[in-house]
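Note: the block below is entry.pdb and it holds PDB, C-alpha atoms.
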ATOM      1  CA  MET A1425      67.818  75.366 115.647  1.00  0.00           C
ATOM      2  CA  LYS A1426      67.389  72.215 113.578  1.00  0.00           C
ATOM      3  CA  THR A1427      66.899  70.043 116.654  1.00  0.00           C
ATOM      4  CA  ALA A1428      63.972  72.147 117.899  1.00  0.00           C
ATOM      5  CA  LYS A1429      62.333  71.903 114.499  1.00  0.00           C
ATOM      6  CA  ALA A1430      62.964  68.151 114.364  1.00  0.00           C
ATOM      7  CA  VAL A1431      61.501  67.683 117.835  1.00  0.00           C
ATOM      8  CA  SER A1432      58.439  69.689 116.816  1.00  0.00           C
ATOM      9  CA  THR A1433      57.991  67.509 113.736  1.00  0.00           C
ATOM     10  CA  VAL A1434      58.343  64.312 115.790  1.00  0.00           C
ATOM     11  CA  VAL A1435      55.777  65.551 118.317  1.00  0.00           C
ATOM     12  CA  LYS A1436      53.350  66.344 115.498  1.00  0.00           C
ATOM     13  CA  LEU A1437      53.835  62.853 114.049  1.00  0.00           C
ATOM     14  CA  ILE A1438      53.258  61.272 117.465  1.00  0.00           C
ATOM     15  CA  LYS A1439      50.047  63.286 117.971  1.00  0.00           C
ATOM     16  CA  LEU A1440      48.647  62.498 114.507  1.00  0.00           C
ATOM     17  CA  PRO A1441      47.243  58.990 115.250  1.00  0.00           C
ATOM     18  CA  PHE A1442      45.640  60.263 118.449  1.00  0.00           C
ATOM     19  CA  LYS A1443      44.073  63.152 116.573  1.00  0.00           C
ATOM     20  CA  LEU A1444      42.692  60.711 114.017  1.00  0.00           C
ATOM     21  CA  LEU A1445      41.267  58.574 116.834  1.00  0.00           C
ATOM     22  CA  ALA A1446      39.743  61.671 118.431  1.00  0.00           C
ATOM     23  CA  LEU A1447      37.635  62.502 115.368  1.00  0.00           C
ATOM     24  CA  PRO A1448      35.180  59.566 115.727  1.00  0.00           C
ATOM     25  CA  LEU A1449      34.994  60.246 119.472  1.00  0.00           C
ATOM     26  CA  ILE A1450      34.067  63.851 118.752  1.00  0.00           C
ATOM     27  CA  LEU A1451      31.303  62.661 116.429  1.00  0.00           C
ATOM     28  CA  ILE A1452      30.010  60.221 119.056  1.00  0.00           C
ATOM     29  CA  LEU A1453      30.108  62.898 121.768  1.00  0.00           C
ATOM     30  CA  MET A1454      28.324  65.422 119.543  1.00  0.00           C
ATOM     31  CA  THR A1455      25.594  62.870 118.864  1.00  0.00           C
ATOM     32  CA  ALA A1456      25.332  62.031 122.557  1.00  0.00           C
ATOM     33  CA  VAL A1457      25.092  65.720 123.478  1.00  0.00           C
ATOM     34  CA  ILE A1458      22.284  66.267 120.981  1.00  0.00           C
ATOM     35  CA  LEU A1459      20.373  63.188 122.131  1.00  0.00           C
ATOM     36  CA  VAL A1460      20.793  63.867 125.849  1.00  0.00           C
ATOM     37  CA  ARG A1461      19.831  67.505 125.371  1.00  0.00           C
ATOM     38  CA  MET A1462      16.688  66.469 123.468  1.00  0.00           C
ATOM     39  CA  VAL A1463      15.757  63.918 126.132  1.00  0.00           C
ATOM     40  CA  THR A1464      16.377  66.472 128.876  1.00  0.00           C
ATOM     41  CA  ASN A1465      14.218  69.070 127.167  1.00  0.00           C
ATOM     42  CA  LEU A1466      11.422  66.577 126.569  1.00  0.00           C
ATOM     43  CA  SER A1467      11.568  65.268 130.111  1.00  0.00           C
ATOM     44  CA  SER A1468      11.372  68.798 131.500  1.00  0.00           C
ATOM     45  CA  TYR A1469       7.938  69.074 129.897  1.00  0.00           C
ATOM     46  CA  ILE A1470       6.906  66.051 131.966  1.00  0.00           C
ATOM     47  CA  VAL A1471       8.830  66.684 135.178  1.00  0.00           C
ATOM     48  CA  GLY A1472       7.864  70.386 135.381  1.00  0.00           C
ATOM     49  CA  PRO A1473       4.102  69.822 135.647  1.00  0.00           C
ATOM     50  CA  LEU A1474       4.756  66.820 137.900  1.00  0.00           C
ATOM     51  CA  MET A1475       6.709  69.072 140.250  1.00  0.00           C
ATOM     52  CA  LEU A1476       3.863  71.607 140.265  1.00  0.00           C
ATOM     53  CA  PHE A1477       1.420  68.791 140.993  1.00  0.00           C
ATOM     54  CA  ILE A1478       3.578  67.554 143.877  1.00  0.00           C
ATOM     55  CA  LEU A1479       3.911  71.105 145.212  1.00  0.00           C
ATOM     56  CA  GLY A1480       0.148  71.592 145.085  1.00  0.00           C
ATOM     57  CA  PHE A1481      -0.475  68.375 146.990  1.00  0.00           C
ATOM     58  CA  GLY A1482       2.248  69.373 149.446  1.00  0.00           C
ATOM     59  CA  ILE A1483       0.503  72.655 150.170  1.00  0.00           C
ATOM     60  CA  TYR A1484      -2.834  70.865 150.478  1.00  0.00           C
ATOM     61  CA  SER A1485      -1.308  68.305 152.841  1.00  0.00           C
ATOM     62  CA  ALA A1486       0.255  71.073 154.932  1.00  0.00           C
ATOM     63  CA  VAL A1487      -3.111  72.823 155.221  1.00  0.00           C
ATOM     64  CA  GLN A1488      -4.709  69.501 156.250  1.00  0.00           C
ATOM     65  CA  GLN A1489      -1.790  68.946 158.678  1.00  0.00           C
ATOM     66  CA  ARG A1490      -0.771  65.589 157.227  1.00  0.00           C
ATOM     67  CA  TRP A1491       2.902  65.962 158.044  1.00  0.00           C
ATOM     68  CA  THR A1492       4.027  62.543 156.875  1.00  0.00           C
ATOM     69  CA  SER A1493       2.503  63.236 153.477  1.00  0.00           C
ATOM     70  CA  VAL A1494       4.196  66.640 153.402  1.00  0.00           C
ATOM     71  CA  ALA A1495       7.549  64.991 154.161  1.00  0.00           C
ATOM     72  CA  ILE A1496       7.079  62.354 151.467  1.00  0.00           C
ATOM     73  CA  LEU A1497       6.054  64.982 148.912  1.00  0.00           C
ATOM     74  CA  ALA A1498       8.985  67.230 149.859  1.00  0.00           C
ATOM     75  CA  VAL A1499      11.420  64.348 149.371  1.00  0.00           C
ATOM     76  CA  SER A1500       9.892  63.512 145.991  1.00  0.00           C
ATOM     77  CA  GLU A1501      10.147  67.195 144.991  1.00  0.00           C
ATOM     78  CA  VAL A1502      13.826  67.238 145.949  1.00  0.00           C
ATOM     79  CA  LEU A1503      14.379  64.028 143.965  1.00  0.00           C
ATOM     80  CA  CYS A1504      12.789  65.601 140.875  1.00  0.00           C
ATOM     81  CA  VAL A1505      15.104  68.609 141.194  1.00  0.00           C
ATOM     82  CA  ALA A1506      18.103  66.284 141.690  1.00  0.00           C
ATOM     83  CA  VAL A1507      17.215  64.282 138.559  1.00  0.00           C
ATOM     84  CA  MET A1508      16.978  67.461 136.469  1.00  0.00           C
ATOM     85  CA  PHE A1509      20.264  68.758 137.919  1.00  0.00           C
ATOM     86  CA  PHE A1510      21.969  65.432 137.169  1.00  0.00           C
ATOM     87  CA  ALA A1511      20.686  65.469 133.585  1.00  0.00           C
ATOM     88  CA  PHE A1512      22.033  68.957 132.979  1.00  0.00           C
ATOM     89  CA  SER A1513      25.355  68.099 134.617  1.00  0.00           C
ATOM     90  CA  VAL A1514      25.675  65.102 132.259  1.00  0.00           C
ATOM     91  CA  VAL A1515      25.076  67.429 129.295  1.00  0.00           C
ATOM     92  CA  SER A1516      27.717  69.868 130.513  1.00  0.00           C
ATOM     93  CA  ALA A1517      30.224  67.040 131.143  1.00  0.00           C
ATOM     94  CA  LEU A1518      29.696  65.665 127.631  1.00  0.00           C
ATOM     95  CA  GLU A1519      30.127  69.142 126.159  1.00  0.00           C
ATOM     96  CA  GLY A1520      33.323  69.612 128.156  1.00  0.00           C
ATOM     97  CA  MET A1521      34.776  66.347 126.865  1.00  0.00           C
ATOM     98  CA  ARG A1522      33.800  67.277 123.319  1.00  0.00           C
ATOM     99  CA  ASP A1523      35.380  70.733 123.615  1.00  0.00           C
ATOM    100  CA  PHE A1524      38.567  69.206 125.036  1.00  0.00           C
ATOM    101  CA  LEU A1525      38.856  66.801 122.102  1.00  0.00           C
ATOM    102  CA  VAL A1526      38.154  69.551 119.582  1.00  0.00           C
ATOM    103  CA  SER A1527      40.871  71.737 121.110  1.00  0.00           C
ATOM    104  CA  PHE A1528      43.243  68.725 121.036  1.00  0.00           C
ATOM    105  CA  VAL A1529      42.563  68.164 117.344  1.00  0.00           C
ATOM    106  CA  HIS A1530      43.123  71.845 116.598  1.00  0.00           C
ATOM    107  CA  SER A1531      46.401  71.943 118.532  1.00  0.00           C
TER     108      SER A1531
END
Encoded form using structure tokens:
Amino acid sequence: MKTAKAVSTVVKLIKLPFKLLALPLILILMTAVILVRMVTNLSSYIVGPLMLFILGFGIYSAVQQRWTSVAILAVSEVLCVAVMFFAFSVVSALEGMRDFLVSFVHS
């Protein structure tokens, strides 16, 4: 019985420095999440109308039968969607790392 309690105490003492090192990382990750989320929200106000503009020119080019222009505009539309998807995946990855560290500190 005493050995299990001693092992538990030793494990807690081994984890303590890592938990103390995790606290500044949590603060940095929380700051990064807030900043990246703000930048993503602000950029969506720019990229959203740009995507509508590209879509409008794509429809106009399709009506005028300028197929190379339609292809170029379709690729640029897909790139805009990919950039927004990448930005949101970065936010979710940062939040996942932060949540992992918070659960480690609370363990």
For this session: Within 7 Å of region 1453-1462 of chain A, counting all atoms listed in the file, which residues show up once you throw out same-chain ones fewer than 6 positions away? Write them as a PyMOL selection string, please.
Result: chain A and resi 1515+1518-1519+1522
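Atom to atom, CA of Ser1432 (chain A) and CA of Val1529 (chain A) stand 16.0 Å apart.
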For this session: Would you please work out which residue, of A:Val1471, A:Val1434, A:Val1526, A:Ala1446, is nearest to Val1502 (chain A) when using only C-alpha atoms?
Result: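 Between A:Val1471, A:Val1434, A:Val1526, A:Ala1446, the residue approaching Val1502 (chain A) most closely is A:Val1471.
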Exercise. Can you tell me, as a list in words, what residues are no more than 12 Å from region 1503-1505 of chain A when counting all atoms listed in the file, ignoring any on the same chain fewer than 5 positions away?
Worked result: Ser1467, Ser1468, Ile1470, Val1471, Gly1472, Pro1473, Leu1474, Met1475, Leu1476, Phe1477, Ile1478, Leu1479, Ile1496, Leu1497, Ala1498, Phe1510, Ala1511 and Phe1512 of chain A
Problem set entry | Coordinates-based distance that separates CA of His1530 (chain A) from CA of Ala1517 (chain A) (Å, one decimal) | 20.0 Å
Exercise. In Å to one decimal, how far is CA of Val1487 (chain A) from CA of Glu1501 (chain A)?
Worked result: 17.7 Å
Exercise. Quick one: residues within 12 Å of Leu1445 (chain A), all atoms listed in the file counted, chain neighbours fewer than 6 positions away excluded, as a VMD selection string?
Worked result: chain A and resid 1439 1451 to 1452 1525 to 1526 1528 to 1529
Suppose we keep C-alpha atoms; can you now write the selection as a short mmCIF file (atom, residue, chain, number, x, y, z; two decimals), in the coordinates of the input?
data_model
loop_
_atom_site.label_atom_id
_atom_site.label_comp_id
_atom_site.auth_asym_id
_atom_site.auth_seq_id
_atom_site.Cartn_x
_atom_site.Cartn_y
_atom_site.Cartn_z
CA LYS A 1439 50.05 63.29 117.97
CA LEU A 1451 31.30 62.66 116.43
CA ILE A 1452 30.01 60.22 119.06
CA LEU A 1525 38.86 66.80 122.10
CA VAL A 1526 38.15 69.55 119.58
CA PHE A 1528 43.24 68.72 121.04
CA VAL A 1529 42.56 68.16 117.34
#
For this session: Find, counting only C-alpha atoms, the residue in A:Val1494, A:Gln1489, A:Gly1482, A:Thr1464 that gets nearest to Phe1509 (chain A).
Result: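 Of A:Val1494, A:Gln1489, A:Gly1482, A:Thr1464, the one nearest Phe1509 (chain A), counting only C-alpha atoms, is A:Thr1464.
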Repair of region 1496-1512 of chain A at the level of N, CA, C and O atoms, as a short mmCIF file (atom, residue, chain, number, x, y, z; two decimals), keeping the file's coordinate frame:
data_model
loop_
_atom_site.label_atom_id
_atom_site.label_comp_id
_atom_site.auth_asym_id
_atom_site.auth_seq_id
_atom_site.Cartn_x
_atom_site.Cartn_y
_atom_site.Cartn_z
N ILE A 1496 6.91 63.22 152.64
CA ILE A 1496 7.08 62.35 151.47
C ILE A 1496 7.05 63.18 150.18
O ILE A 1496 7.87 62.99 149.27
N LEU A 1497 6.14 64.14 150.10
CA LEU A 1497 6.05 64.98 148.91
C LEU A 1497 7.27 65.90 148.79
O LEU A 1497 7.74 66.15 147.68
N ALA A 1498 7.78 66.38 149.91
CA ALA A 1498 8.98 67.23 149.86
C ALA A 1498 10.19 66.43 149.37
O ALA A 1498 10.99 66.93 148.57
N VAL A 1499 10.32 65.20 149.83
CA VAL A 1499 11.42 64.35 149.37
C VAL A 1499 11.28 64.05 147.88
O VAL A 1499 12.27 64.09 147.13
N SER A 1500 10.08 63.78 147.42
CA SER A 1500 9.89 63.51 145.99
C SER A 1500 10.16 64.77 145.16
O SER A 1500 10.69 64.68 144.04
N GLU A 1501 9.84 65.94 145.69
CA GLU A 1501 10.15 67.19 144.99
C GLU A 1501 11.66 67.40 144.88
O GLU A 1501 12.18 67.77 143.82
N VAL A 1502 12.37 67.12 145.96
CA VAL A 1502 13.83 67.24 145.95
C VAL A 1502 14.43 66.23 144.98
O VAL A 1502 15.39 66.54 144.27
N LEU A 1503 13.88 65.03 144.91
CA LEU A 1503 14.38 64.03 143.96
C LEU A 1503 14.16 64.46 142.52
O LEU A 1503 15.03 64.24 141.66
N CYS A 1504 13.03 65.09 142.23
CA CYS A 1504 12.79 65.60 140.88
C CYS A 1504 13.82 66.67 140.51
O CYS A 1504 14.36 66.67 139.39
N VAL A 1505 14.11 67.57 141.44
CA VAL A 1505 15.10 68.61 141.19
C VAL A 1505 16.48 67.97 141.00
O VAL A 1505 17.25 68.38 140.12
N ALA A 1506 16.80 66.95 141.81
CA ALA A 1506 18.10 66.28 141.69
C ALA A 1506 18.24 65.58 140.34
O ALA A 1506 19.31 65.60 139.74
N VAL A 1507 17.17 64.96 139.87
CA VAL A 1507 17.22 64.28 138.56
C VAL A 1507 17.46 65.29 137.44
O VAL A 1507 18.28 65.06 136.55
N MET A 1508 16.77 66.43 137.49
CA MET A 1508 16.98 67.46 136.47
C MET A 1508 18.39 68.04 136.55
O MET A 1508 19.04 68.26 135.52
N PHE A 1509 18.90 68.25 137.76
CA PHE A 1509 20.26 68.76 137.92
C PHE A 1509 21.27 67.75 137.38
O PHE A 1509 22.23 68.13 136.70
N PHE A 1510 21.07 66.47 137.67
CA PHE A 1510 21.97 65.43 137.17
C PHE A 1510 21.96 65.37 135.65
O PHE A 1510 23.01 65.23 135.01
N ALA A 1511 20.78 65.51 135.05
CA ALA A 1511 20.69 65.47 133.58
C ALA A 1511 21.46 66.63 132.97
O ALA A 1511 22.20 66.45 131.99
N PHE A 1512 21.32 67.81 133.53
CA PHE A 1512 22.03 68.96 132.98
C PHE A 1512 23.53 68.88 133.25
O PHE A 1512 24.33 69.35 132.46
#
